[in-house]
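Dumped structure37.cif below, it's mmCIF, C-alpha atoms and all ligand atoms:
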data_coords
loop_
_atom_site.label_atom_id
_atom_site.label_comp_id
_atom_site.auth_asym_id
_atom_site.auth_seq_id
_atom_site.Cartn_x
_atom_site.Cartn_y
_atom_site.Cartn_z
CA MET A 8 4.65 29.77 5.56
CA SER A 9 1.62 27.98 6.88
CA THR A 10 0.94 24.66 8.53
CA TYR A 11 -1.06 21.98 6.79
CA THR A 12 -2.31 18.60 7.99
CA ALA A 13 -3.22 15.83 5.57
CA GLN A 14 -4.82 12.47 6.16
CA SER A 15 -4.54 9.41 3.97
CA HIS A 16 -5.44 5.74 4.10
CA PRO A 17 -3.14 2.77 3.61
CA ASN A 18 -4.11 0.57 0.68
CA ILE A 19 -4.15 -3.15 0.05
CA ALA A 20 -2.84 -4.28 -3.34
CA PHE A 21 -4.89 -6.85 -5.25
CA ILE A 22 -2.37 -6.98 -8.08
CA LYS A 23 0.98 -6.43 -6.38
CA TYR A 24 3.95 -4.22 -7.08
CA TRP A 25 7.23 -6.06 -6.42
CA GLY A 26 10.47 -4.96 -8.07
CA ASN A 27 11.39 -1.79 -9.94
CA ARG A 28 12.67 -1.11 -13.42
CA ASP A 29 14.30 2.01 -11.92
CA ASN A 30 15.01 1.89 -8.18
CA ALA A 31 15.91 5.59 -7.79
CA LEU A 32 12.71 6.84 -9.45
CA ARG A 33 10.64 3.93 -8.13
CA LEU A 34 9.34 3.02 -11.56
CA PRO A 35 7.69 -0.37 -11.03
CA SER A 36 8.31 -3.50 -13.09
CA ASN A 37 4.54 -3.95 -13.43
CA GLY A 38 1.28 -2.06 -12.96
CA SER A 39 -0.81 -2.70 -9.83
CA VAL A 40 -4.34 -2.35 -8.44
CA SER A 41 -5.48 -1.68 -4.88
CA MET A 42 -8.22 -0.40 -2.62
CA ASN A 43 -7.83 2.23 0.07
CA LEU A 44 -8.57 1.10 3.61
CA ASP A 45 -11.19 3.23 5.31
CA GLY A 46 -10.89 3.72 9.07
CA LEU A 47 -7.12 3.17 9.08
CA PHE A 48 -5.17 6.36 8.50
CA THR A 49 -2.00 8.37 8.82
CA ARG A 50 -2.26 12.03 9.72
CA THR A 51 0.74 14.23 8.92
CA THR A 52 1.38 17.89 9.72
CA VAL A 53 4.05 19.88 7.89
CA THR A 54 5.33 23.36 8.80
CA PHE A 55 8.15 25.04 6.92
CA ASN A 56 10.20 27.27 9.23
CA SER A 57 13.59 28.93 9.70
CA SER A 58 15.30 26.00 11.49
CA GLN A 59 18.61 24.54 10.24
CA ARG A 60 17.33 21.08 9.36
CA ASP A 61 14.22 19.02 8.76
CA SER A 62 12.79 17.22 11.78
CA LEU A 63 10.42 14.26 12.02
CA LEU A 64 8.18 12.93 14.77
CA ILE A 65 6.34 9.63 14.27
CA ASN A 66 3.70 8.86 16.88
CA ASP A 67 5.43 11.51 19.08
CA HIS A 68 8.88 9.86 18.84
CA PRO A 69 11.72 11.81 17.16
CA VAL A 70 13.09 9.96 14.11
CA SER A 71 16.55 10.51 12.58
CA GLY A 72 18.76 8.51 10.18
CA LYS A 73 17.19 6.63 7.23
CA GLY A 74 13.58 7.46 8.19
CA LEU A 75 14.29 11.20 8.24
CA GLU A 76 16.39 10.98 5.04
CA ARG A 77 13.44 9.48 3.15
CA VAL A 78 11.20 12.30 4.32
CA SER A 79 13.81 14.98 3.48
CA TYR A 80 14.10 13.48 -0.01
CA ILE A 81 10.40 14.23 -0.64
CA LEU A 82 10.71 17.65 1.01
CA ASP A 83 13.67 18.41 -1.33
CA LEU A 84 11.48 17.64 -4.36
CA VAL A 85 8.78 19.94 -2.97
CA ARG A 86 11.33 22.70 -2.20
CA GLU A 87 12.66 22.42 -5.73
CA MET A 88 9.15 22.73 -7.23
CA ALA A 89 8.28 25.68 -4.96
CA ASN A 90 11.70 27.28 -5.39
CA MET A 91 12.28 27.65 -1.65
CA ASN A 92 14.88 26.66 0.97
CA GLU A 93 13.05 26.51 4.29
CA ARG A 94 13.41 23.36 6.38
CA ALA A 95 10.33 21.61 7.68
CA GLU A 96 8.92 20.21 10.88
CA VAL A 97 7.00 17.01 10.11
CA SER A 98 4.82 15.22 12.61
CA SER A 99 2.99 12.03 11.72
CA SER A 100 0.76 9.56 13.53
CA ASN A 101 -0.95 6.29 12.58
CA ASN A 102 -3.96 4.59 14.09
CA PHE A 103 -2.68 1.12 13.05
CA PRO A 104 0.57 -0.86 13.63
CA ALA A 105 3.44 0.31 11.37
CA GLY A 106 5.79 -1.97 9.43
CA ALA A 107 3.60 -5.08 9.70
CA GLY A 108 2.47 -5.45 6.11
CA ILE A 109 -0.34 -2.90 6.41
CA ALA A 110 1.24 -0.43 4.00
CA SER A 111 2.10 2.15 6.64
CA SER A 112 4.64 3.71 4.25
CA ALA A 113 1.95 4.11 1.58
CA ALA A 114 -0.29 6.14 3.86
CA ALA A 115 2.69 8.03 5.29
CA PHE A 116 4.15 9.22 1.98
CA ALA A 117 0.72 10.02 0.51
CA ALA A 118 -0.07 12.24 3.52
CA LEU A 119 3.41 13.78 3.37
CA ALA A 120 3.04 14.63 -0.34
CA VAL A 121 -0.32 16.33 0.24
CA ALA A 122 0.62 18.20 3.44
CA SER A 123 4.09 19.34 2.32
CA SER A 124 3.01 20.56 -1.12
CA HIS A 125 0.19 22.61 0.42
CA ALA A 126 2.49 23.98 3.12
CA ALA A 127 4.91 25.07 0.39
CA GLY A 128 2.11 26.95 -1.37
CA LEU A 129 1.90 24.55 -4.34
CA THR A 130 -1.35 23.48 -5.96
CA LEU A 131 -0.66 20.05 -7.42
CA SER A 132 -3.10 17.95 -9.41
CA GLU A 133 -3.97 14.42 -8.27
CA TRP A 134 -1.60 12.89 -10.79
CA GLN A 135 1.24 15.21 -9.72
CA LEU A 136 0.62 14.23 -6.08
CA SER A 137 0.62 10.52 -6.92
CA ARG A 138 3.90 11.00 -8.80
CA LEU A 139 5.44 12.82 -5.82
CA ALA A 140 4.20 10.25 -3.27
CA ARG A 141 5.62 7.47 -5.48
CA ARG A 142 9.15 8.81 -4.95
CA GLY A 143 8.86 8.08 -1.21
CA SER A 144 7.21 4.67 -1.48
CA GLY A 145 5.85 3.21 -4.71
CA SER A 146 2.57 2.03 -3.24
CA ALA A 147 2.00 5.54 -1.78
CA SER A 148 1.04 6.70 -5.27
CA ARG A 149 -2.06 4.47 -4.91
CA SER A 150 -3.12 6.12 -1.62
CA ILE A 151 -3.61 9.50 -3.32
CA PRO A 152 -6.74 8.82 -5.45
CA SER A 153 -10.04 7.56 -4.04
CA GLY A 154 -11.48 4.04 -3.75
CA PHE A 155 -10.23 1.39 -6.16
CA VAL A 156 -6.99 2.54 -7.75
CA GLU A 157 -4.71 1.50 -10.59
CA TRP A 158 -1.07 2.56 -10.62
CA MET A 159 0.10 2.56 -14.21
CA MET A 160 3.65 1.67 -15.20
CA GLY A 161 3.86 4.60 -17.61
CA THR A 162 6.79 5.15 -19.91
CA GLY A 163 8.85 7.14 -17.38
CA ASP A 164 8.66 9.43 -14.35
CA GLU A 165 6.07 11.78 -15.89
CA ASP A 166 3.28 9.30 -16.58
CA CYS A 167 3.97 6.71 -13.89
CA ILE A 168 0.92 7.70 -11.85
CA ALA A 169 -2.12 6.27 -10.08
CA VAL A 170 -5.76 6.89 -10.96
CA SER A 171 -9.08 5.90 -9.44
CA ILE A 172 -10.87 3.19 -11.44
CA ALA A 173 -13.99 3.20 -9.22
CA PRO A 174 -15.17 5.24 -6.22
CA PRO A 175 -15.49 3.65 -2.73
CA GLU A 176 -19.27 3.19 -3.05
CA HIS A 177 -18.88 1.20 -6.28
CA TRP A 178 -18.44 -2.12 -4.45
CA MET A 179 -18.92 -2.67 -0.72
CA LEU A 180 -15.86 -4.79 0.00
CA THR A 181 -14.31 -5.19 3.44
CA ASP A 182 -10.74 -6.06 4.35
CA CYS A 183 -10.54 -8.11 7.57
CA VAL A 184 -6.82 -7.98 8.41
CA ALA A 185 -5.90 -10.99 10.54
CA ILE A 186 -2.97 -9.87 12.70
CA VAL A 187 -0.58 -12.75 12.98
CA ASN A 188 2.52 -10.92 14.05
CA ALA A 189 2.29 -7.17 14.65
CA SER A 190 6.03 -6.71 15.24
CA HIS A 191 8.18 -4.74 12.82
CA LYS A 192 9.16 -6.83 9.78
CA LYS A 193 12.83 -7.73 9.26
CA THR A 194 13.23 -6.74 5.62
CA GLY A 195 11.38 -3.65 4.48
CA SER A 196 9.94 -3.37 0.98
CA THR A 197 12.61 -0.96 -0.33
CA GLU A 198 15.29 -3.64 0.24
CA GLY A 199 12.85 -6.29 -0.96
CA HIS A 200 12.20 -4.63 -4.32
CA ALA A 201 15.93 -4.55 -4.97
CA LEU A 202 16.05 -8.35 -4.51
CA ALA A 203 13.07 -9.17 -6.73
CA TRP A 204 15.09 -9.66 -9.90
CA THR A 205 17.43 -12.14 -8.16
CA SER A 206 14.55 -14.64 -8.25
CA PRO A 207 14.32 -16.80 -11.37
CA LEU A 208 10.53 -16.50 -11.01
CA GLN A 209 10.33 -12.69 -11.25
CA ALA A 210 10.52 -12.59 -15.08
CA GLY A 211 7.54 -14.94 -15.35
CA ARG A 212 5.57 -13.03 -12.72
CA VAL A 213 6.18 -9.70 -14.50
CA ALA A 214 5.51 -11.10 -18.00
CA ASP A 215 2.05 -12.25 -16.87
CA ALA A 216 1.20 -9.15 -14.79
CA ALA A 217 -0.76 -7.19 -17.43
CA ARG A 218 -3.03 -10.22 -17.95
CA ARG A 219 -3.73 -10.57 -14.22
CA LEU A 220 -4.26 -6.83 -13.87
CA GLU A 221 -6.88 -6.80 -16.62
CA ILE A 222 -8.74 -9.73 -15.06
CA CYS A 223 -8.68 -8.03 -11.68
CA ARG A 224 -9.76 -4.62 -13.02
CA ASN A 225 -12.68 -6.21 -14.89
CA ALA A 226 -13.68 -8.29 -11.86
CA ILE A 227 -13.81 -5.09 -9.78
CA LEU A 228 -15.74 -3.16 -12.44
CA ASN A 229 -18.20 -6.07 -12.87
CA LYS A 230 -18.30 -6.90 -9.14
CA ASP A 231 -17.50 -10.51 -9.97
CA PHE A 232 -16.29 -11.84 -6.61
CA GLU A 233 -15.39 -15.36 -7.71
CA THR A 234 -13.02 -14.17 -10.45
CA PHE A 235 -11.73 -11.48 -8.12
CA ALA A 236 -10.88 -13.93 -5.30
CA ASP A 237 -9.10 -16.35 -7.65
CA ILE A 238 -6.95 -13.63 -9.24
CA ILE A 239 -5.94 -11.86 -6.00
CA GLU A 240 -4.88 -15.15 -4.42
CA LEU A 241 -2.89 -16.11 -7.53
CA ASP A 242 -1.19 -12.72 -7.64
CA SER A 243 -0.32 -12.75 -3.93
CA ASP A 244 1.02 -16.32 -4.12
CA MET A 245 3.14 -15.39 -7.16
CA MET A 246 4.69 -12.42 -5.37
CA HIS A 247 5.51 -14.52 -2.32
CA ALA A 248 6.99 -17.23 -4.58
CA VAL A 249 9.36 -14.56 -5.92
CA MET A 250 10.17 -13.38 -2.40
CA MET A 251 10.89 -16.92 -1.17
CA THR A 252 13.16 -17.65 -4.16
CA SER A 253 15.18 -14.40 -4.04
CA THR A 254 18.82 -14.30 -2.97
CA PRO A 255 18.79 -13.95 -0.01
CA PRO A 256 15.30 -15.44 0.34
CA LEU A 257 12.50 -13.52 2.05
CA MET A 258 9.99 -15.61 3.95
CA TYR A 259 7.21 -13.38 5.29
CA TRP A 260 4.67 -16.11 6.00
CA GLN A 261 4.27 -17.65 9.44
CA PRO A 262 2.55 -21.03 10.05
CA THR A 263 -0.64 -19.14 11.01
CA THR A 264 -0.52 -17.26 7.66
CA LEU A 265 -0.69 -20.54 5.76
CA GLY A 266 -3.36 -21.91 8.11
CA ILE A 267 -5.58 -18.92 7.27
CA PHE A 268 -5.16 -19.56 3.51
CA HIS A 269 -6.58 -23.07 3.95
CA GLU A 270 -9.48 -21.79 6.06
CA VAL A 271 -10.33 -19.01 3.58
CA ARG A 272 -10.39 -21.46 0.67
CA ALA A 273 -12.59 -23.88 2.62
CA TRP A 274 -14.98 -21.04 3.54
CA ARG A 275 -15.17 -20.00 -0.12
CA ALA A 276 -15.82 -23.56 -1.23
CA SER A 277 -18.73 -23.66 1.21
CA GLY A 278 -20.28 -20.52 -0.32
CA LEU A 279 -18.84 -17.55 1.60
CA SER A 280 -17.43 -14.76 -0.62
CA VAL A 281 -13.86 -14.47 0.76
CA GLY A 282 -10.35 -14.34 -0.68
CA TYR A 283 -6.90 -13.69 0.80
CA THR A 284 -3.95 -11.50 -0.07
CA VAL A 285 -0.71 -10.79 1.84
CA ASP A 286 1.73 -7.87 1.51
CA ALA A 287 5.31 -7.85 2.83
CA GLY A 288 4.43 -9.29 6.23
CA ALA A 289 2.74 -12.23 7.91
CA ASN A 290 -0.71 -10.69 8.36
CA VAL A 291 -3.46 -11.91 6.07
CA HIS A 292 -5.86 -9.49 4.39
CA VAL A 293 -9.10 -11.42 4.07
CA ILE A 294 -11.29 -9.61 1.55
CA CYS A 295 -15.03 -10.20 1.69
CA LEU A 296 -18.38 -8.59 0.87
CA ALA A 297 -19.32 -5.99 3.50
CA GLU A 298 -22.47 -7.97 4.35
CA ASP A 299 -20.32 -10.96 5.42
CA ALA A 300 -17.68 -8.96 7.33
CA LYS A 301 -19.06 -9.70 10.82
CA GLU A 302 -19.08 -13.44 10.11
CA VAL A 303 -15.57 -13.39 8.61
CA GLU A 304 -14.20 -11.36 11.51
CA LYS A 305 -15.76 -13.80 14.01
CA ARG A 306 -14.30 -16.83 12.23
CA LEU A 307 -10.83 -15.24 12.03
CA ARG A 308 -10.85 -14.35 15.73
CA GLU A 309 -11.53 -18.01 16.56
CA LEU A 310 -8.36 -19.21 14.75
CA PRO A 311 -5.32 -20.02 16.89
CA GLY A 312 -2.43 -17.58 16.27
CA VAL A 313 -4.66 -14.66 15.26
CA SER A 314 -4.10 -11.96 17.89
CA ASP A 315 -6.44 -9.31 16.46
CA VAL A 316 -8.54 -8.45 13.41
CA LEU A 317 -8.65 -4.95 11.88
CA VAL A 318 -11.73 -4.27 9.78
CA ALA A 319 -11.73 -1.69 6.97
CA GLY A 320 -14.12 -0.79 4.18
CA VAL A 321 -13.16 1.04 0.99
CA GLY A 322 -11.53 4.41 1.69
CA GLY A 323 -11.45 7.76 -0.05
CA ALA A 324 -8.63 9.95 -1.33
CA ALA A 325 -5.78 11.56 0.57
CA ARG A 326 -6.89 15.05 1.67
CA ILE A 327 -6.17 18.11 3.72
CA VAL A 328 -7.96 18.02 7.10
O1 LIG A 401 5.58 0.80 -1.72
P1 LIG A 401 6.43 -0.20 -1.06
O2 LIG A 401 7.87 0.01 -1.38
O3 LIG A 401 6.18 -0.23 0.43
O4 LIG A 401 6.08 -1.63 -1.64
C1 LIG A 401 4.84 -2.27 -1.47
C2 LIG A 401 4.96 -3.72 -1.76
C3 LIG A 401 3.75 -4.57 -1.44
O5 LIG A 401 3.00 -4.02 -0.39
C4 LIG A 401 4.25 -5.94 -1.01
C5 LIG A 401 2.87 -4.76 -2.67
C6 LIG A 401 2.03 -3.58 -3.08
O6 LIG A 401 1.79 -3.44 -4.28
O7 LIG A 401 1.58 -2.81 -2.21
#
How does this structure look as C-alpha cells?
Amino acid sequence: MSTYTAQSHPNIAFIKYWGNRDNALRLPSNGSVSMNLDGLFTRTTVTFNSSQRDSLLINDHPVSGKGLERVSYILDLVREMANMNERAEVSSSNNFPAGAGIASSAAAFAALAVASSHAAGLTLSEWQLSRLARRGSGSASRSIPSGFVEWMMGTGDEDCIAVSIAPPEHWMLTDCVAIVNASHKKTGSTEGHALAWTSPLQAGRVADAARRLEICRNAILNKDFETFADIIELDSDMMHAVMMTSTPPLMYWQPTTLGIFHEVRAWRASGLSVGYTVDAGANVHVICLAEDAKEVEKRLRELPGVSDVLVAGVGGAARIV
C-alpha cells in the first residue's frame, strides 16, 4: 500500500446548507452554492498499514474519540469499496484556524476522501469523491470540484453530489474573512443540523431555497454583483434566523459581527462592491471584487473587535500533491 497526500481548500457557502433530510447519509434539506477559498488549505496524508487501528494526527496532535471516529467512518467506506481491511495512519494540517466558521471540516473531509481513496488504490470520479466527502461533512462535497460549486440535493445518496458551475478564473471575487473570535465554536455544525428542524422558520427557509439558489447561480454566471450581494446576505440572515430560533437556540453572532454587517451595507450604499455572509461562527466573510480587496481589508482591519483578516481568492479543486 502506498502513501498519498491530498490538498483541498475550505469553501464559503453563498446559499447555505443547514439541516438534513437524512442525518446518517448527510442528505441536505436544500441545495447550496459556494466558492473554494484559494490560499487556505488542508493537507492530509493517508497510509494504509498493518497496525491494529486507525490513527489520526491533526496539526501534529494525536486525536482520538469523536474526531477519530468520523475519520474511521470515511475510511470504512473506502475499505468497503476497495475490499480491504488495512488500518490507516492519517495526518492532517491546516494553514487557518479550525472550528471558527471557516469550514475546516469541509477542507478536511475533501482532502481525506481524495488521499484515502488513492492510497487504497481506487480511481474515483469527481462525483464519487464528492459523494464520499459528503459522508464526513456535507459541505466537504463542495470542496472537491473547482471554483464556484453547486451541491445538488439529488434524490438520494447516489446523485447527491457537487459540481463546478464556473472555474476560478470566471469571476475574480475575494473573500476577506474578518476574524472576530478565532476560538473553537461551542456547537459544531453536525449538532446544529440536527436542531434545524426545531425552528419554526426552517420550513420557510427550505421552501424558498431553490428560488434563492437560482438567483445566486445566475448572479455568479452573469457576474452581477448587486444581485449577488443582496441574495447572499438574505440567505445568510435566513440561516442565522433559523439557528437563533432553534431549541436550544444557537447564537453564533457577536456584537462585532453585527457591527460589520452595518459597515458592509454602508460601504455598498456608497458604491463599493461588497456583501457579507457568515457560516456557523462569529467571523464575517466579506465578499468583494478582487480589485477592491486591498481597500476592504484595510477598512476591516480598522474596525474595533476585528483581530485579523484572512484574504482568499477563488480556489481550485481538491487534488493529490
Ligand atoms: O458541512 P457542515 O456539517 O460543516 O455544515 C456546514 C454548514 C454551514 O457552513 C453553516 C453552511 C454551509 O453550507 O457551508
Name all residues at most 9 Å from His177 (chain A) (count all atoms listed in the file; drop same-chain ones fewer than 2 positions away) and give them as a VMD selection string. chain A and resid 154 to 155 173 to 175 179 227 to 228 230
To one decimal place in Å, what is the distance between CA of Asn43 (chain A) and CA of Cys167 (chain A)? 18.8 Å
Which distance in Å separates CA of Gly145 (chain A) and atom C3 of ligand LIG 401 (chain A), to one decimal?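 Going from CA of Gly145 (chain A) over to atom C3 of ligand LIG 401 (chain A), I get 8.7 Å.
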Best match for closeness to ligand LIG 401 (chain A) among A:Pro69, A:Gly195, A:Gly128, A:Pro311, counting only C-alpha atoms and all ligand atoms: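 For ligand LIG 401 (chain A), the nearest of the candidates is A:Gly195.
Nearest to Met42 (chain A) of all the residues A:Ala122, A:Ala216, A:Ala147, A:Met245 is A:Ala147, based on all atoms listed in the file.
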Tell me which of A:Met88, A:Val40, A:Val184, A:Ala217 sits closest to ligand LIG 401 (chain A), counting all atoms listed in the file.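 Counting all atoms listed in the file, the residue closest to ligand LIG 401 (chain A) is A:Val40.
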Name each residue within 9 Å of ligand LIG 401 (chain A), counting only C-alpha atoms and all ligand atoms, as an MDAnalysis selection string. chainID A and resid 18:26 33 38:41 108:113 141 143:149 195:200 243 246:247 285:288
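Using only C-alpha atoms, every residue with an atom at most 12 Å from the point (9.9, -12.6, -15.0) is listed here: Trp25, Gly26, Arg28, Ser36, Asn37, Ala203, Trp204, Thr205, Ser206, Pro207, Leu208, Gln209, Ala210, Gly211, Arg212, Val213, Ala214, Asp215, Ala216, Met245, Met246, Ala248 and Val249 of chain A.
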Any idea what's packed within 10 Å of Ser314 (chain A), counting only C-alpha atoms, ignoring anything in its chain fewer than 4 positions away? Could you give it as a PyMOL selection string? chain A and resi 185-189+307-310
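Between Asp45 (chain A) and the candidates A:Pro17, A:Gly278, A:Gly72, A:Gly163, the tightest atom-to-atom separation, counting all atoms listed in the file, involves A:Pro17.
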Residue nearest Ile168 (chain A) - candidates A:Ala297, A:Pro35, A:His292, A:Met250, atoms counted: only C-alpha atoms: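 Comparing A:Ala297, A:Pro35, A:His292, A:Met250 against Ile168 (chain A), the winner is A:Pro35.
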